[in-house]
Amino acid sequence: PVSLVSAAPWVLPHTVAPSMGWANGDTKVTLSGFIWDETMDLELYLVFVFPYDIPEDPTLPEEPPLRVSAACRRLTRETAECLTPPAARPEGVSDALLELDVVLDGDLHTFEMPWMNFSYVPVPSVRTSVPQAAPKDGGTWVEVHGGPFDARIPYWCVWLPMD
């Protein structure tokens with residue numbers, strides 16, 4: 001059952017940042033916009049809801065979505081942080097709707113947050129880079145081959161000195 005927001009003596013978060021991360025999980029996300037009294041005994045779990053594919057055979061029942069909880073820790077009166085679980089489909093782009101499970105005075109309340117979601121992107125791998133050597137002072141353009149690379153993500157290349 002989904003509780004109404006007005007039933008809770010605190011306010012739900014309005015943002016999650018970042019809103020995307022690697023498919024293998026462990027992206028640190030911050031929930032912001034809480035109003036949450038510091039004396040409250042509140043446990044928070046960010047729930048990632050992965051929809052299942054609709055079966056190709058219409059006679060087969062549709063499976064319920066996969067719900068994966070991530071425990072959150074309070075940072076301030078208005079923020080909490082959680083680590084993302086791995087994506088349901090680590091090999092491709094995957095989106096999860098976000099819900100919040102709140103344990104307040106021993107009672108579990110689930111809140112849908114349709115304004116927030118999290119996008120997973122596949123972890124890229126580098127096959128080669130050209131050129132394979134360059135001056136230490138920098139300024140050399142480098143072409144990187146591999147992938148998959150996502151245009152929404154800034155990538156940084158770091159080369160370590162060879163001994």
# chains A, B, ... in the order shown; residues from 1 in each chain; ligands from 1
call {"tool": "residues_around", "arguments": {"residues": "A:Pro161", "least_positions_apart": "6", "cutoff": "12 Å", "atoms": "only C-alpha atoms", "output": "MDAnalysis selection string"}}
result
chainID A and resid 133:136
call {"tool": "residues_around", "arguments": {"residues": "A:Gln132", "least_positions_apart": "4", "cutoff": "10 Å", "atoms": "only C-alpha atoms", "output": "list of chain:residue names"}}
result
A:Thr128, A:Val142, A:Glu143
call {"tool": "closest_residue", "arguments": {"among": "A:Gly147, A:Asn117, A:Leu12, A:Phe50", "to": "A:Arg77", "atoms": "only C-alpha atoms"}}
result
A:Leu12
call {"tool": "residues_around", "arguments": {"residues": "A:Pro64", "least_positions_apart": "6", "cutoff": "10 Å", "atoms": "only C-alpha atoms", "output": "ChimeraX atom specification"}}
result
/A:49-53
call {"tool": "atom_distance", "arguments": {"atom1": "atom CA of A:Ile153", "atom2": "atom CA of A:Glu78"}}
result
27.2 Å
call {"tool": "closest_residue", "arguments": {"among": "A:Val29, A:Val47, A:Leu108, A:Val121", "to": "A:Arg73", "atoms": "only C-alpha atoms"}}
result
A:Val29
call {"tool": "residues_around", "arguments": {"residues": "stretch 98-106 of chain A", "least_positions_apart": "2", "cutoff": "8 Å", "atoms": "only C-alpha atoms", "output": "ChimeraX atom specification"}}
result
/A:41-49,96,108-114,116-118
call {"tool": "decode", "arguments": {"residues": "stretch 125-162 of chain A", "atoms": "N, CA and C atoms", "output": "PDB file, in the first residue's frame"}}
result
ATOM      1  N   SER A 125      34.465   0.102 -21.864  1.00  0.00           N
ATOM      2  CA  SER A 125      35.836  -0.417 -21.775  1.00  0.00           C
ATOM      3  C   SER A 125      36.639   0.200 -22.914  1.00  0.00           C
ATOM      4  N   VAL A 126      37.907   0.401 -22.670  1.00  0.00           N
ATOM      5  CA  VAL A 126      38.805   0.984 -23.678  1.00  0.00           C
ATOM      6  C   VAL A 126      39.619  -0.142 -24.295  1.00  0.00           C
ATOM      7  N   ARG A 127      39.530  -0.253 -25.635  1.00  0.00           N
ATOM      8  CA  ARG A 127      40.329  -1.259 -26.352  1.00  0.00           C
ATOM      9  C   ARG A 127      41.701  -0.704 -26.714  1.00  0.00           C
ATOM     10  N   THR A 128      41.699   0.491 -27.286  1.00  0.00           N
ATOM     11  CA  THR A 128      42.973   1.115 -27.685  1.00  0.00           C
ATOM     12  C   THR A 128      42.840   2.626 -27.602  1.00  0.00           C
ATOM     13  N   SER A 129      43.996   3.280 -27.594  1.00  0.00           N
ATOM     14  CA  SER A 129      44.030   4.733 -27.717  1.00  0.00           C
ATOM     15  C   SER A 129      45.150   5.084 -28.684  1.00  0.00           C
ATOM     16  N   VAL A 130      44.917   6.154 -29.463  1.00  0.00           N
ATOM     17  CA  VAL A 130      45.885   6.583 -30.465  1.00  0.00           C
ATOM     18  C   VAL A 130      46.127   8.065 -30.261  1.00  0.00           C
ATOM     19  N   PRO A 131      47.357   8.535 -30.133  1.00  0.00           N
ATOM     20  CA  PRO A 131      48.610   7.782 -30.131  1.00  0.00           C
ATOM     21  C   PRO A 131      48.799   7.073 -28.791  1.00  0.00           C
ATOM     22  N   GLN A 132      49.735   6.160 -28.766  1.00  0.00           N
ATOM     23  CA  GLN A 132      50.014   5.418 -27.539  1.00  0.00           C
ATOM     24  C   GLN A 132      51.076   6.093 -26.681  1.00  0.00           C
ATOM     25  N   ALA A 133      51.661   7.171 -27.162  1.00  0.00           N
ATOM     26  CA  ALA A 133      52.651   7.928 -26.388  1.00  0.00           C
ATOM     27  C   ALA A 133      52.494   9.405 -26.744  1.00  0.00           C
ATOM     28  N   ALA A 134      52.808  10.278 -25.790  1.00  0.00           N
ATOM     29  CA  ALA A 134      52.705  11.721 -26.015  1.00  0.00           C
ATOM     30  C   ALA A 134      53.597  12.431 -25.009  1.00  0.00           C
ATOM     31  N   PRO A 135      53.910  13.718 -25.253  1.00  0.00           N
ATOM     32  CA  PRO A 135      54.736  14.472 -24.316  1.00  0.00           C
ATOM     33  C   PRO A 135      54.049  14.634 -22.952  1.00  0.00           C
ATOM     34  N   LYS A 136      54.839  14.729 -21.904  1.00  0.00           N
ATOM     35  CA  LYS A 136      54.314  14.870 -20.547  1.00  0.00           C
ATOM     36  C   LYS A 136      53.575  16.185 -20.337  1.00  0.00           C
ATOM     37  N   ASP A 137      53.925  17.256 -21.077  1.00  0.00           N
ATOM     38  CA  ASP A 137      53.300  18.550 -20.848  1.00  0.00           C
ATOM     39  C   ASP A 137      51.866  18.605 -21.339  1.00  0.00           C
ATOM     40  N   GLY A 138      51.386  17.566 -22.025  1.00  0.00           N
ATOM     41  CA  GLY A 138      49.990  17.514 -22.458  1.00  0.00           C
ATOM     42  C   GLY A 138      49.757  18.230 -23.774  1.00  0.00           C
ATOM     43  N   GLY A 139      48.493  18.478 -24.082  1.00  0.00           N
ATOM     44  CA  GLY A 139      48.118  19.183 -25.303  1.00  0.00           C
ATOM     45  C   GLY A 139      47.942  18.270 -26.511  1.00  0.00           C
ATOM     46  N   THR A 140      48.099  16.970 -26.334  1.00  0.00           N
ATOM     47  CA  THR A 140      47.956  16.034 -27.453  1.00  0.00           C
ATOM     48  C   THR A 140      46.531  15.500 -27.499  1.00  0.00           C
ATOM     49  N   TRP A 141      45.897  15.579 -28.667  1.00  0.00           N
ATOM     50  CA  TRP A 141      44.571  15.003 -28.841  1.00  0.00           C
ATOM     51  C   TRP A 141      44.703  13.499 -28.889  1.00  0.00           C
ATOM     52  N   VAL A 142      43.818  12.812 -28.199  1.00  0.00           N
ATOM     53  CA  VAL A 142      43.870  11.352 -28.136  1.00  0.00           C
ATOM     54  C   VAL A 142      42.533  10.789 -28.619  1.00  0.00           C
ATOM     55  N   GLU A 143      42.611   9.779 -29.467  1.00  0.00           N
ATOM     56  CA  GLU A 143      41.408   9.090 -29.939  1.00  0.00           C
ATOM     57  C   GLU A 143      41.279   7.779 -29.161  1.00  0.00           C
ATOM     58  N   VAL A 144      40.120   7.582 -28.549  1.00  0.00           N
ATOM     59  CA  VAL A 144      39.892   6.404 -27.718  1.00  0.00           C
ATOM     60  C   VAL A 144      38.899   5.484 -28.423  1.00  0.00           C
ATOM     61  N   HIS A 145      39.262   4.205 -28.530  1.00  0.00           N
ATOM     62  CA  HIS A 145      38.390   3.212 -29.157  1.00  0.00           C
ATOM     63  C   HIS A 145      37.901   2.241 -28.094  1.00  0.00           C
ATOM     64  N   GLY A 146      36.624   1.928 -28.136  1.00  0.00           N
ATOM     65  CA  GLY A 146      36.017   1.019 -27.162  1.00  0.00           C
ATOM     66  C   GLY A 146      34.557   1.342 -27.043  1.00  0.00           C
ATOM     67  N   GLY A 147      34.034   1.241 -25.850  1.00  0.00           N
ATOM     68  CA  GLY A 147      32.644   1.622 -25.650  1.00  0.00           C
ATOM     69  C   GLY A 147      31.931   0.614 -24.778  1.00  0.00           C
ATOM     70  N   PRO A 148      30.661   0.761 -24.627  1.00  0.00           N
ATOM     71  CA  PRO A 148      29.856   1.849 -25.201  1.00  0.00           C
ATOM     72  C   PRO A 148      30.058   3.153 -24.424  1.00  0.00           C
ATOM     73  N   PHE A 149      30.092   4.261 -25.163  1.00  0.00           N
ATOM     74  CA  PHE A 149      30.219   5.581 -24.555  1.00  0.00           C
ATOM     75  C   PHE A 149      28.877   6.283 -24.667  1.00  0.00           C
ATOM     76  N   ASP A 150      28.485   6.997 -23.652  1.00  0.00           N
ATOM     77  CA  ASP A 150      27.206   7.688 -23.592  1.00  0.00           C
ATOM     78  C   ASP A 150      27.472   9.183 -23.681  1.00  0.00           C
ATOM     79  N   ALA A 151      26.826   9.859 -24.616  1.00  0.00           N
ATOM     80  CA  ALA A 151      27.070  11.286 -24.843  1.00  0.00           C
ATOM     81  C   ALA A 151      26.684  12.153 -23.649  1.00  0.00           C
ATOM     82  N   ARG A 152      25.867  11.643 -22.736  1.00  0.00           N
ATOM     83  CA  ARG A 152      25.448  12.433 -21.569  1.00  0.00           C
ATOM     84  C   ARG A 152      26.504  12.469 -20.471  1.00  0.00           C
ATOM     85  N   ILE A 153      27.542  11.649 -20.595  1.00  0.00           N
ATOM     86  CA  ILE A 153      28.520  11.506 -19.522  1.00  0.00           C
ATOM     87  C   ILE A 153      29.855  12.100 -19.943  1.00  0.00           C
ATOM     88  N   PRO A 154      30.443  12.980 -19.116  1.00  0.00           N
ATOM     89  CA  PRO A 154      31.794  13.465 -19.422  1.00  0.00           C
ATOM     90  C   PRO A 154      32.817  12.390 -19.034  1.00  0.00           C
ATOM     91  N   TYR A 155      33.694  12.067 -19.934  1.00  0.00           N
ATOM     92  CA  TYR A 155      34.732  11.070 -19.671  1.00  0.00           C
ATOM     93  C   TYR A 155      36.067  11.779 -19.533  1.00  0.00           C
ATOM     94  N   TRP A 156      36.900  11.270 -18.634  1.00  0.00           N
ATOM     95  CA  TRP A 156      38.233  11.818 -18.416  1.00  0.00           C
ATOM     96  C   TRP A 156      39.230  10.689 -18.569  1.00  0.00           C
ATOM     97  N   CYS A 157      40.249  10.940 -19.349  1.00  0.00           N
ATOM     98  CA  CYS A 157      41.297   9.935 -19.534  1.00  0.00           C
ATOM     99  C   CYS A 157      42.484  10.296 -18.650  1.00  0.00           C
ATOM    100  N   VAL A 158      43.019   9.291 -18.008  1.00  0.00           N
ATOM    101  CA  VAL A 158      44.183   9.499 -17.152  1.00  0.00           C
ATOM    102  C   VAL A 158      45.231   8.468 -17.535  1.00  0.00           C
ATOM    103  N   TRP A 159      46.425   8.940 -17.826  1.00  0.00           N
ATOM    104  CA  TRP A 159      47.515   8.038 -18.132  1.00  0.00           C
ATOM    105  C   TRP A 159      48.511   8.089 -17.000  1.00  0.00           C
ATOM    106  N   LEU A 160      48.917   6.948 -16.541  1.00  0.00           N
ATOM    107  CA  LEU A 160      49.894   6.883 -15.458  1.00  0.00           C
ATOM    108  C   LEU A 160      51.276   6.727 -16.056  1.00  0.00           C
ATOM    109  N   PRO A 161      52.289   7.284 -15.394  1.00  0.00           N
ATOM    110  CA  PRO A 161      53.643   7.179 -15.942  1.00  0.00           C
ATOM    111  C   PRO A 161      54.117   5.714 -15.928  1.00  0.00           C
ATOM    112  N   MET A 162      54.828   5.363 -16.973  1.00  0.00           N
ATOM    113  CA  MET A 162      55.395   4.012 -17.054  1.00  0.00           C
ATOM    114  C   MET A 162      56.786   4.033 -16.443  1.00  0.00           C
TER     115      MET A 162
END
